file target-v2.cif (mmCIF, C-alpha atoms and all ligand atoms)
data_upload
loop_
_atom_site.label_atom_id
_atom_site.label_comp_id
_atom_site.auth_asym_id
_atom_site.auth_seq_id
_atom_site.Cartn_x
_atom_site.Cartn_y
_atom_site.Cartn_z
CA MET A 28 129.11 114.85 204.96
CA SER A 29 128.91 117.09 201.90
CA ASP A 30 127.38 120.02 203.75
CA GLN A 31 129.99 119.85 206.51
CA ILE A 32 132.27 122.89 206.73
CA TRP A 33 135.18 123.11 209.13
CA LEU A 34 135.63 126.86 208.90
CA SER A 35 133.41 129.54 207.49
CA CYS A 36 133.81 133.30 207.61
CA ARG A 37 131.58 136.03 206.26
CA ASP A 38 132.35 139.68 205.53
CA LEU A 39 135.36 139.94 207.86
CA GLU A 40 136.54 143.49 208.42
CA ARG A 41 139.66 144.63 210.21
CA TYR A 42 141.21 148.03 210.83
CA LEU A 43 144.79 148.23 212.05
CA GLY A 44 147.03 151.01 213.31
CA GLU A 45 146.42 154.28 215.12
CA GLU A 46 143.58 156.70 214.49
CA ASP A 47 145.61 158.99 212.18
CA SER A 48 147.20 156.19 210.15
CA ARG A 49 144.45 153.61 210.15
CA VAL A 50 144.70 150.83 207.58
CA HIS A 51 141.55 149.05 206.40
CA ALA A 52 143.37 145.72 206.27
CA LEU A 53 140.34 143.47 205.63
CA ARG A 54 137.35 144.80 203.69
CA GLY A 55 134.83 141.98 203.75
CA VAL A 56 136.43 138.56 203.41
CA SER A 57 134.29 135.41 203.10
CA LEU A 58 135.56 131.83 202.82
CA ASP A 59 134.38 128.25 203.36
CA LEU A 60 136.81 125.45 204.15
CA GLU A 61 135.40 121.95 203.69
CA PRO A 62 136.92 118.74 205.05
CA ALA A 63 139.83 117.30 203.03
CA THR A 64 140.43 120.51 201.07
CA VAL A 65 143.57 122.56 200.61
CA HIS A 66 143.32 126.31 199.99
CA ALA A 67 145.98 128.81 199.02
CA VAL A 68 145.71 132.54 199.65
CA VAL A 69 147.94 134.54 197.33
CA GLY A 70 148.42 138.24 196.76
CA PRO A 71 150.90 141.09 196.95
CA SER A 72 152.72 142.05 200.12
CA GLY A 73 150.48 144.07 202.43
CA CYS A 74 147.15 142.88 200.93
CA GLY A 75 146.01 141.41 204.27
CA LYS A 76 146.91 137.71 204.09
CA SER A 77 148.53 137.46 207.52
CA THR A 78 145.83 139.67 209.05
CA LEU A 79 143.24 137.21 207.76
CA LEU A 80 145.16 134.23 209.10
CA TYR A 81 145.47 135.80 212.56
CA ILE A 82 141.72 136.34 212.71
CA LEU A 83 140.86 132.85 211.45
CA GLY A 84 143.40 131.52 213.98
CA LEU A 85 141.65 133.35 216.85
CA LEU A 86 144.82 135.31 217.52
CA ASP A 87 143.14 138.59 216.61
CA GLN A 88 139.51 139.74 216.53
CA PRO A 89 137.70 141.24 213.55
CA ASP A 90 135.94 144.63 213.62
CA GLY A 91 133.07 143.17 211.65
CA GLY A 92 131.75 139.97 210.11
CA SER A 93 131.39 136.47 211.49
CA LEU A 94 133.45 133.33 211.93
CA THR A 95 132.31 129.76 212.56
CA ILE A 96 134.68 126.88 213.26
CA ASP A 97 133.36 123.31 213.31
CA GLY A 98 129.86 124.69 213.73
CA HIS A 99 130.79 126.91 216.70
CA ALA A 100 130.11 130.61 216.26
CA ILE A 101 133.17 132.54 217.37
CA SER A 102 132.28 136.00 218.48
CA GLY A 103 132.20 137.72 221.80
CA LEU A 104 133.87 134.73 223.48
CA PRO A 105 136.07 135.52 226.47
CA ASP A 106 139.84 135.12 226.00
CA ASP A 107 140.11 131.82 227.87
CA GLU A 108 137.36 130.31 225.73
CA LEU A 109 139.07 131.56 222.55
CA ALA A 110 142.33 130.01 223.71
CA ARG A 111 140.57 126.70 224.35
CA LYS A 112 138.96 126.69 220.89
CA ARG A 113 142.31 127.60 219.33
CA ASN A 114 144.02 124.66 221.06
CA GLU A 115 141.23 122.24 220.27
CA LEU A 116 140.30 123.11 216.71
CA LEU A 117 143.29 124.74 215.04
CA GLY A 118 146.86 123.88 214.15
CA PHE A 119 149.47 126.45 213.10
CA ILE A 120 152.54 126.42 210.93
CA PHE A 121 154.45 129.63 210.39
CA GLN A 122 157.47 130.46 208.28
CA PHE A 123 159.75 130.99 211.23
CA HIS A 124 158.70 127.79 212.80
CA PHE A 125 159.27 128.78 216.41
CA LEU A 126 160.39 125.37 217.59
CA LEU A 127 162.00 125.53 221.00
CA GLU A 128 165.50 124.76 219.90
CA ASP A 129 166.74 123.20 223.13
CA PHE A 130 163.69 120.95 223.26
CA THR A 131 163.71 117.61 221.48
CA ALA A 132 161.50 117.00 218.46
CA GLN A 133 159.18 114.97 220.67
CA GLU A 134 158.95 117.67 223.37
CA ASN A 135 158.14 120.29 220.72
CA VAL A 136 155.26 118.20 219.42
CA MET A 137 153.96 117.76 222.97
CA ILE A 138 153.67 121.50 223.61
CA PRO A 139 150.11 121.92 222.22
CA MET A 140 149.05 118.71 224.01
CA ARG A 141 150.31 120.09 227.32
CA ARG A 142 148.37 123.29 226.71
CA LEU A 143 145.16 121.35 226.09
CA GLY A 144 145.85 119.15 229.12
CA ARG A 145 143.80 116.10 228.14
CA LEU A 146 146.48 113.41 227.96
CA THR A 147 148.79 111.87 230.51
CA GLU A 148 152.55 112.24 230.11
CA SER A 149 152.91 108.76 228.64
CA GLU A 150 149.97 109.28 226.25
CA MET A 151 151.56 112.54 225.07
CA LEU A 152 154.93 110.85 224.54
CA ALA A 153 153.28 108.07 222.55
CA ARG A 154 151.19 110.42 220.39
CA ALA A 155 154.19 112.68 219.66
CA ALA A 156 156.24 109.62 218.68
CA GLN A 157 153.45 108.42 216.39
CA LEU A 158 153.08 111.83 214.70
CA LEU A 159 156.82 112.18 214.23
CA GLY A 160 156.81 108.68 212.72
CA GLU A 161 154.17 109.82 210.22
CA VAL A 162 156.38 112.70 209.08
CA GLY A 163 159.40 110.41 208.77
CA LEU A 164 161.22 111.46 211.93
CA GLY A 165 160.65 108.36 214.01
CA ALA A 166 164.39 107.91 214.43
CA LYS A 167 165.01 111.46 215.68
CA LEU A 168 162.47 111.84 218.47
CA ARG A 169 165.02 112.79 221.10
CA ARG A 170 167.20 115.03 218.98
CA PRO A 171 167.19 118.70 220.12
CA SER A 172 165.51 120.61 217.33
CA ARG A 173 168.55 122.86 216.79
CA HIS A 174 170.35 119.72 215.60
CA LEU A 175 167.77 119.05 212.89
CA SER A 176 167.98 120.35 209.31
CA GLY A 177 165.59 123.06 208.11
CA GLY A 178 163.44 120.50 206.28
CA GLU A 179 163.34 118.25 209.34
CA GLN A 180 162.40 121.18 211.57
CA GLN A 181 159.55 121.98 209.23
CA ARG A 182 158.33 118.39 209.53
CA VAL A 183 158.43 118.72 213.32
CA ALA A 184 156.33 121.87 212.90
CA ILE A 185 153.85 119.87 210.80
CA ALA A 186 153.65 117.15 213.46
CA ARG A 187 153.20 119.82 216.13
CA ALA A 188 150.35 121.43 214.15
CA LEU A 189 148.60 118.02 214.16
CA ALA A 190 149.18 117.40 217.86
CA ASN A 191 145.62 118.02 219.07
CA ASN A 192 143.96 116.58 215.98
CA PRO A 193 142.69 119.99 214.76
CA ARG A 194 139.93 120.49 212.19
CA VAL A 195 141.78 123.28 210.42
CA ILE A 196 145.47 123.94 209.82
CA LEU A 197 146.54 127.51 209.12
CA ALA A 198 149.94 128.11 207.59
CA ASP A 199 151.72 131.37 206.73
CA GLU A 200 154.50 130.77 204.18
CA PRO A 201 154.96 127.30 205.69
CA THR A 202 157.82 126.39 203.41
CA GLY A 203 159.20 129.88 202.80
CA ASN A 204 162.62 129.20 204.26
CA LEU A 205 163.22 125.87 202.53
CA ASP A 206 164.75 125.12 199.13
CA ALA A 207 162.37 124.08 196.33
CA ALA A 208 162.77 120.32 196.84
CA ASN A 209 162.29 120.41 200.61
CA SER A 210 159.50 122.91 200.29
CA ASN A 211 157.60 120.68 197.87
CA ARG A 212 158.22 117.61 200.03
CA ALA A 213 156.90 119.33 203.18
CA PHE A 214 153.85 120.59 201.29
CA GLN A 215 153.05 117.18 199.74
CA LEU A 216 153.30 115.55 203.15
CA LEU A 217 150.98 118.08 204.69
CA LYS A 218 148.51 117.75 201.83
CA LYS A 219 148.46 113.96 202.14
CA ILE A 220 147.71 114.12 205.87
CA VAL A 221 145.04 116.78 205.34
CA ARG A 222 143.31 114.59 202.73
CA GLU A 223 143.56 111.33 204.65
CA GLU A 224 142.42 112.81 207.93
CA ARG A 225 139.78 115.07 206.35
CA LYS A 226 141.16 118.27 207.80
CA ALA A 227 141.12 121.62 206.01
CA LEU A 228 144.31 123.50 205.21
CA LEU A 229 144.55 127.20 204.44
CA LEU A 230 147.99 128.40 203.52
CA VAL A 231 149.42 131.73 202.53
CA THR A 232 152.13 131.39 199.95
CA HIS A 233 154.15 133.35 197.41
CA ASN A 234 155.21 130.04 195.84
CA SER A 235 153.14 129.59 192.68
CA ALA A 236 153.98 125.88 192.31
CA ILE A 237 152.54 125.23 195.76
CA ALA A 238 149.49 127.41 195.11
CA GLU A 239 148.80 125.53 191.85
CA ALA A 240 148.86 122.22 193.74
CA CYS A 241 146.04 123.33 196.08
CA ASP A 242 142.32 122.68 195.46
CA TRP A 243 141.52 126.38 195.53
CA ILE A 244 143.51 129.55 194.95
CA HIS A 245 142.05 132.65 196.58
CA GLU A 246 143.49 135.80 195.12
CA MET A 247 143.62 138.68 197.55
CA GLN A 248 144.09 142.38 196.82
CA ASP A 249 143.70 145.38 199.09
CA GLY A 250 141.94 143.46 201.84
CA VAL A 251 139.44 141.52 199.72
CA ILE A 252 139.37 138.22 197.87
CA VAL A 253 139.02 139.27 194.25
CA GLY A 254 138.81 135.76 192.82
CA SER A 255 138.56 132.15 194.04
CA HIS A 256 139.73 129.61 191.48
CA PRO A 257 139.24 125.85 191.80
CA ARG A 258 142.12 123.72 190.51
CA GLU A 259 141.49 120.35 188.92
CA HIS A 260 143.90 117.63 189.95
CA GLU A 261 144.09 113.93 189.22
N1 LIG A 301 149.85 146.19 213.71
C1 LIG A 301 149.64 146.89 212.60
N2 LIG A 301 149.41 148.24 212.66
C2 LIG A 301 149.15 148.93 211.54
N3 LIG A 301 149.10 148.40 210.31
C3 LIG A 301 149.33 147.09 210.19
C4 LIG A 301 149.62 146.26 211.31
N4 LIG A 301 149.82 144.99 210.88
C5 LIG A 301 149.66 145.02 209.54
N5 LIG A 301 149.37 146.29 209.13
C6 LIG A 301 149.09 146.70 207.75
O1 LIG A 301 147.95 145.98 207.29
C7 LIG A 301 148.11 145.60 205.94
C8 LIG A 301 148.02 144.11 205.78
O2 LIG A 301 149.16 143.50 206.39
P1 LIG A 301 149.43 141.93 206.34
O3 LIG A 301 150.53 141.64 207.28
O4 LIG A 301 148.15 141.22 206.56
O5 LIG A 301 149.90 141.73 204.82
P2 LIG A 301 150.36 140.40 204.07
O6 LIG A 301 149.43 140.23 202.92
O7 LIG A 301 150.48 139.29 205.02
O8 LIG A 301 151.80 140.81 203.49
P3 LIG A 301 153.15 139.91 203.29
O9 LIG A 301 152.96 139.14 202.02
O10 LIG A 301 154.21 140.95 203.16
O11 LIG A 301 153.34 139.06 204.49
C9 LIG A 301 149.45 146.22 205.49
O12 LIG A 301 149.18 147.45 204.91
C10 LIG A 301 150.21 146.38 206.79
O13 LIG A 301 151.13 147.44 206.70
MG MG A 302 152.14 138.18 205.75
#

call {"tool": "encode", "arguments": {"input": "target-v2.cif", "output": "structure tokens"}}
result
Amino acid sequence: MSDQIWLSCRDLERYLGEEDSRVHALRGVSLDLEPATVHAVVGPSGCGKSTLLYILGLLDQPDGGSLTIDGHAISGLPDDELARKRNELLGFIFQFHFLLEDFTAQENVMIPMRRLGRLTESEMLARAAQLLGEVGLGAKLRRPSRHLSGGEQQRVAIARALANNPRVILADEPTGNLDAANSNRAFQLLKKIVREERKALLLVTHNSAIAEACDWIHEMQDGVIVGSHPREHE
């Protein structure tokens, strides 16, 4: 198991913008995410954190370098194949959680399952109920998400990210719009699930308390990782 790596990238490069105002947003980024590990990416605004996350999330393509997810090389794949890999292997949590507010918590969690199309309606309902139970929302399955608190909505977003049992969860400021207590609670919950289910989590954060509680802090500047620091925890 020790040589297993859920996500690995080497020398990722990305240019953004038009010819006359081109930004070299990624200048050779390499990372390895092992099972049951939690990684923070930190760095000043504009250093390329979201650009990196989009590429690792197969939502954007690099101009150079390579990416492997669960042993599958990702390059030159057609769009439909990329979409399938994204649905199968990756879960996403973003700051503006993009829940469908008229949908219930349970329906929101079923969205990625519908996209993957492997479960029957009743299997999807049962899995969504189970995941929402794990994040402490078992009693609010049928509540429209607009009638949930910010912290509860973030827990629905966590359950939704887990819907298809991904290898890797990518999160951009996942707790950015929550107060400190709720933010810490959502992060601890996510970390516990990632450890128990041997997933890998990569999160972008400006919250130093959350970064310090990760296994690794990757410090980014001007499109490169300038330092990767392991954190020792109990
Ligand atoms: N579509 C785009 N066209 C041109 N430049 C872009 C585009 N998207 C991002 N950039 C630029 O690329 C660089 C990296 O942006 P990115 O969004 O990755 O930063 P970030 O580290 O996530 O910042 P923040 O902490 O503010 O979210 C910035 O200079 C940004 O202005
Ligand atoms: Mg960003």

call {"tool": "closest_residue", "arguments": {"input": "target-v2.cif", "among": "A:Met137, A:Phe125, A:Arg182, A:Tyr81", "to": "ligand MG 302 (chain A)", "atoms": "all atoms listed in the file"}}
result
A:Tyr81

call {"tool": "residues_near_ligand", "arguments": {"input": "target-v2.cif", "ligand": "ligand MG 302 (chain A)", "cutoff": "9 Å", "atoms": "all atoms listed in the file", "output": "list in words"}}
result
Ser72, Gly73, Cys74, Gly75, Lys76, Ser77, Thr78, Leu80, Asp199, Glu200, Val231 and Thr232 of chain A

call {"tool": "residues_near_ligand", "arguments": {"input": "target-v2.cif", "ligand": "ligand LIG 301 (chain A)", "cutoff": "12 Å", "atoms": "all atoms listed in the file", "output": "PyMOL selection string"}}
result
chain A and resi 40-54+68-82+87+121-122+198-201+203+230-234+246-252

call {"tool": "residues_around", "arguments": {"input": "target-v2.cif", "residues": "His99 (chain A)", "least_positions_apart": "6", "cutoff": "10 Å", "atoms": "all atoms listed in the file", "output": "list in words"}}
result
Trp33, Leu34, Ser35 and Lys112 of chain A

call {"tool": "atom_distance", "arguments": {"input": "target-v2.cif", "atom1": "CA of Leu104 (chain A)", "atom2": "CA of Leu85 (chain A)"}}
result
10.3 Å

call {"tool": "closest_residue", "arguments": {"input": "target-v2.cif", "among": "A:Ile244, A:Leu197, A:Leu83, A:Ala132", "to": "Ala100 (chain A)", "atoms": "only C-alpha atoms"}}
result
A:Leu83

call {"tool": "atom_distance", "arguments": {"input": "target-v2.cif", "atom1": "CA of Gln215 (chain A)", "atom2": "CA of Arg169 (chain A)"}}
result
24.9 Å

call {"tool": "atom_distance", "arguments": {"input": "target-v2.cif", "atom1": "CA of Cys36 (chain A)", "atom2": "CA of Ser210 (chain A)"}}
result
28.7 Å

call {"tool": "residues_around", "arguments": {"input": "target-v2.cif", "residues": "Leu143 (chain A)", "least_positions_apart": "6", "cutoff": "12 Å", "atoms": "all atoms listed in the file", "output": "PyMOL selection string"}}
result
chain A and resi 107-108+110-117+137+151+190-193

call {"tool": "write_last_selection", "arguments": {"input": "target-v2.cif", "atoms": "C-alpha atoms", "output": "PDB file, keeping the file's coordinate frame"}}
result
ATOM      1  CA  ASP A 107     140.110 131.820 227.870  1.00  0.00           C
ATOM      2  CA  GLU A 108     137.360 130.310 225.730  1.00  0.00           C
ATOM      3  CA  ALA A 110     142.330 130.010 223.710  1.00  0.00           C
ATOM      4  CA  ARG A 111     140.570 126.700 224.350  1.00  0.00           C
ATOM      5  CA  LYS A 112     138.960 126.690 220.890  1.00  0.00           C
ATOM      6  CA  ARG A 113     142.310 127.600 219.330  1.00  0.00           C
ATOM      7  CA  ASN A 114     144.020 124.660 221.060  1.00  0.00           C
ATOM      8  CA  GLU A 115     141.230 122.240 220.270  1.00  0.00           C
ATOM      9  CA  LEU A 116     140.300 123.110 216.710  1.00  0.00           C
ATOM     10  CA  LEU A 117     143.290 124.740 215.040  1.00  0.00           C
ATOM     11  CA  MET A 137     153.960 117.760 222.970  1.00  0.00           C
ATOM     12  CA  MET A 151     151.560 112.540 225.070  1.00  0.00           C
ATOM     13  CA  ALA A 190     149.180 117.400 217.860  1.00  0.00           C
ATOM     14  CA  ASN A 191     145.620 118.020 219.070  1.00  0.00           C
ATOM     15  CA  ASN A 192     143.960 116.580 215.980  1.00  0.00           C
ATOM     16  CA  PRO A 193     142.690 119.990 214.760  1.00  0.00           C
TER      17      PRO A 193
END

call {"tool": "residues_near_point", "arguments": {"input": "target-v2.cif", "point": "(153.3, 118.3, 215.7)", "cutoff": "8 Å", "atoms": "all atoms listed in the file", "output": "MDAnalysis selection string"}}
result
chainID A and resid 135:137 155 158:159 182:190

call {"tool": "residues_around", "arguments": {"input": "target-v2.cif", "residues": "region 221-224 of chain A", "least_positions_apart": "3", "cutoff": "9 Å", "atoms": "all atoms listed in the file", "output": "list in words"}}
result
Pro62, Ala63, Thr64, Val65, Val195, Ile196, Leu216, Leu217, Lys218, Ala227 and Leu228 of chain A

call {"tool": "write_last_selection", "arguments": {"input": "target-v2.cif", "atoms": "C-alpha atoms", "output": "compact mmCIF listing (two decimals), in the frame of the given file"}}
result
# COMPACT_ATOMS: atom_id res chain seq x y z
CA PRO A 62 136.92 118.74 205.05
CA ALA A 63 139.83 117.30 203.03
CA THR A 64 140.43 120.51 201.07
CA VAL A 65 143.57 122.56 200.61
CA VAL A 195 141.78 123.28 210.42
CA ILE A 196 145.47 123.94 209.82
CA LEU A 216 153.30 115.55 203.15
CA LEU A 217 150.98 118.08 204.69
CA LYS A 218 148.51 117.75 201.83
CA ALA A 227 141.12 121.62 206.01
CA LEU A 228 144.31 123.50 205.21

call {"tool": "closest_residue", "arguments": {"input": "target-v2.cif", "among": "A:Leu152, A:Ala208, A:Leu229, A:Leu39", "to": "Ser102 (chain A)", "atoms": "all atoms listed in the file"}}
result
A:Leu39

call {"tool": "closest_residue", "arguments": {"input": "target-v2.cif", "among": "A:Gly118, A:Arg154, A:Ser255, A:Arg194", "to": "Gly98 (chain A)", "atoms": "only C-alpha atoms"}}
result
A:Arg194

call {"tool": "residues_near_point", "arguments": {"input": "target-v2.cif", "point": "(128.4, 138.6, 211.1)", "cutoff": "12 Å", "atoms": "all atoms listed in the file", "output": "NGL selection string"}}
result
:A and (35-40 or 55-57 or 89-95 or 100-103)

call {"tool": "axis_aligned_box", "arguments": {"input": "target-v2.cif", "around": "region 55-63 of chain A", "padding_each_side": "6 Å", "output": "lines of an AutoDock Vina configuration file"}}
result
center_x = 137.1
center_y = 129.6
center_z = 203.9
size_x = 17.5
size_y = 36.7
size_z = 14.2

call {"tool": "residues_around", "arguments": {"input": "target-v2.cif", "residues": "His174 (chain A)", "least_positions_apart": "5", "cutoff": "12 Å", "atoms": "all atoms listed in the file", "output": "list in words"}}
result
Leu126, Leu127, Glu128, Asp129, Phe130, Thr131, Ala132, Lys167, Leu168, Arg169, Glu179 and Gln180 of chain A

call {"tool": "build_atoms", "arguments": {"input": "target-v2.cif", "residues": "region 105-135 of chain A", "atoms": "N, CA and C atoms", "output": "PDB file, in the coordinates of the input"}}
result
ATOM      1  N   PRO A 105     134.977 135.031 225.629  1.00  0.00           N
ATOM      2  CA  PRO A 105     136.070 135.520 226.470  1.00  0.00           C
ATOM      3  C   PRO A 105     137.407 134.891 226.063  1.00  0.00           C
ATOM      4  N   ASP A 106     138.507 135.554 226.444  1.00  0.00           N
ATOM      5  CA  ASP A 106     139.840 135.120 226.000  1.00  0.00           C
ATOM      6  C   ASP A 106     140.154 133.663 226.320  1.00  0.00           C
ATOM      7  N   ASP A 107     139.743 133.199 227.506  1.00  0.00           N
ATOM      8  CA  ASP A 107     140.110 131.820 227.870  1.00  0.00           C
ATOM      9  C   ASP A 107     139.360 130.827 226.991  1.00  0.00           C
ATOM     10  N   GLU A 108     138.141 131.190 226.603  1.00  0.00           N
ATOM     11  CA  GLU A 108     137.360 130.310 225.730  1.00  0.00           C
ATOM     12  C   GLU A 108     137.954 130.305 224.304  1.00  0.00           C
ATOM     13  N   LEU A 109     138.402 131.482 223.861  1.00  0.00           N
ATOM     14  CA  LEU A 109     139.070 131.560 222.550  1.00  0.00           C
ATOM     15  C   LEU A 109     140.328 130.705 222.542  1.00  0.00           C
ATOM     16  N   ALA A 110     141.079 130.782 223.630  1.00  0.00           N
ATOM     17  CA  ALA A 110     142.330 130.010 223.710  1.00  0.00           C
ATOM     18  C   ALA A 110     142.013 128.515 223.674  1.00  0.00           C
ATOM     19  N   ARG A 111     140.933 128.124 224.331  1.00  0.00           N
ATOM     20  CA  ARG A 111     140.570 126.700 224.350  1.00  0.00           C
ATOM     21  C   ARG A 111     140.178 126.240 222.938  1.00  0.00           C
ATOM     22  N   LYS A 112     139.369 127.038 222.262  1.00  0.00           N
ATOM     23  CA  LYS A 112     138.960 126.690 220.890  1.00  0.00           C
ATOM     24  C   LYS A 112     140.188 126.626 219.975  1.00  0.00           C
ATOM     25  N   ARG A 113     141.103 127.575 220.147  1.00  0.00           N
ATOM     26  CA  ARG A 113     142.310 127.600 219.330  1.00  0.00           C
ATOM     27  C   ARG A 113     143.106 126.295 219.518  1.00  0.00           C
ATOM     28  N   ASN A 114     143.262 125.888 220.776  1.00  0.00           N
ATOM     29  CA  ASN A 114     144.020 124.660 221.060  1.00  0.00           C
ATOM     30  C   ASN A 114     143.333 123.410 220.549  1.00  0.00           C
ATOM     31  N   GLU A 115     142.012 123.422 220.613  1.00  0.00           N
ATOM     32  CA  GLU A 115     141.230 122.240 220.270  1.00  0.00           C
ATOM     33  C   GLU A 115     141.054 122.067 218.764  1.00  0.00           C
ATOM     34  N   LEU A 116     140.822 123.185 218.083  1.00  0.00           N
ATOM     35  CA  LEU A 116     140.300 123.110 216.710  1.00  0.00           C
ATOM     36  C   LEU A 116     141.312 123.501 215.637  1.00  0.00           C
ATOM     37  N   LEU A 117     142.394 124.167 216.039  1.00  0.00           N
ATOM     38  CA  LEU A 117     143.290 124.740 215.040  1.00  0.00           C
ATOM     39  C   LEU A 117     144.725 124.290 215.237  1.00  0.00           C
ATOM     40  N   GLY A 118     145.422 124.136 214.116  1.00  0.00           N
ATOM     41  CA  GLY A 118     146.860 123.880 214.150  1.00  0.00           C
ATOM     42  C   GLY A 118     147.551 124.969 213.341  1.00  0.00           C
ATOM     43  N   PHE A 119     148.765 125.335 213.746  1.00  0.00           N
ATOM     44  CA  PHE A 119     149.470 126.450 213.100  1.00  0.00           C
ATOM     45  C   PHE A 119     150.846 126.046 212.606  1.00  0.00           C
ATOM     46  N   ILE A 120     151.170 126.567 211.425  1.00  0.00           N
ATOM     47  CA  ILE A 120     152.540 126.420 210.930  1.00  0.00           C
ATOM     48  C   ILE A 120     152.956 127.774 210.359  1.00  0.00           C
ATOM     49  N   PHE A 121     154.007 128.346 210.896  1.00  0.00           N
ATOM     50  CA  PHE A 121     154.450 129.630 210.390  1.00  0.00           C
ATOM     51  C   PHE A 121     155.846 129.511 209.805  1.00  0.00           C
ATOM     52  N   GLN A 122     156.197 130.509 209.002  1.00  0.00           N
ATOM     53  CA  GLN A 122     157.470 130.460 208.280  1.00  0.00           C
ATOM     54  C   GLN A 122     158.660 130.297 209.227  1.00  0.00           C
ATOM     55  N   PHE A 123     158.669 131.121 210.248  1.00  0.00           N
ATOM     56  CA  PHE A 123     159.750 130.990 211.230  1.00  0.00           C
ATOM     57  C   PHE A 123     159.161 130.075 212.275  1.00  0.00           C
ATOM     58  N   HIS A 124     159.557 128.823 212.206  1.00  0.00           N
ATOM     59  CA  HIS A 124     158.700 127.790 212.800  1.00  0.00           C
ATOM     60  C   HIS A 124     158.590 127.820 214.309  1.00  0.00           C
ATOM     61  N   PHE A 125     159.419 128.625 214.977  1.00  0.00           N
ATOM     62  CA  PHE A 125     159.270 128.780 216.410  1.00  0.00           C
ATOM     63  C   PHE A 125     159.317 127.471 217.176  1.00  0.00           C
ATOM     64  N   LEU A 126     160.154 126.539 216.743  1.00  0.00           N
ATOM     65  CA  LEU A 126     160.390 125.370 217.590  1.00  0.00           C
ATOM     66  C   LEU A 126     161.252 125.849 218.753  1.00  0.00           C
ATOM     67  N   LEU A 127     161.092 125.221 219.889  1.00  0.00           N
ATOM     68  CA  LEU A 127     162.000 125.530 221.000  1.00  0.00           C
ATOM     69  C   LEU A 127     163.268 124.731 220.744  1.00  0.00           C
ATOM     70  N   GLU A 128     164.351 125.444 220.483  1.00  0.00           N
ATOM     71  CA  GLU A 128     165.500 124.760 219.900  1.00  0.00           C
ATOM     72  C   GLU A 128     166.250 123.848 220.864  1.00  0.00           C
ATOM     73  N   ASP A 129     166.104 124.104 222.172  1.00  0.00           N
ATOM     74  CA  ASP A 129     166.740 123.200 223.130  1.00  0.00           C
ATOM     75  C   ASP A 129     165.872 121.992 223.442  1.00  0.00           C
ATOM     76  N   PHE A 130     164.596 122.072 223.033  1.00  0.00           N
ATOM     77  CA  PHE A 130     163.690 120.950 223.260  1.00  0.00           C
ATOM     78  C   PHE A 130     163.895 119.909 222.162  1.00  0.00           C
ATOM     79  N   THR A 131     163.641 118.654 222.510  1.00  0.00           N
ATOM     80  CA  THR A 131     163.710 117.610 221.480  1.00  0.00           C
ATOM     81  C   THR A 131     162.515 117.749 220.540  1.00  0.00           C
ATOM     82  N   ALA A 132     162.605 117.038 219.413  1.00  0.00           N
ATOM     83  CA  ALA A 132     161.500 117.000 218.460  1.00  0.00           C
ATOM     84  C   ALA A 132     160.216 116.574 219.188  1.00  0.00           C
ATOM     85  N   GLN A 133     160.346 115.517 219.979  1.00  0.00           N
ATOM     86  CA  GLN A 133     159.180 114.970 220.670  1.00  0.00           C
ATOM     87  C   GLN A 133     158.578 115.980 221.659  1.00  0.00           C
ATOM     88  N   GLU A 134     159.442 116.672 222.405  1.00  0.00           N
ATOM     89  CA  GLU A 134     158.950 117.670 223.370  1.00  0.00           C
ATOM     90  C   GLU A 134     158.243 118.815 222.643  1.00  0.00           C
ATOM     91  N   ASN A 135     158.785 119.215 221.484  1.00  0.00           N
ATOM     92  CA  ASN A 135     158.140 120.290 220.720  1.00  0.00           C
ATOM     93  C   ASN A 135     156.730 119.891 220.297  1.00  0.00           C
TER      94      ASN A 135
END
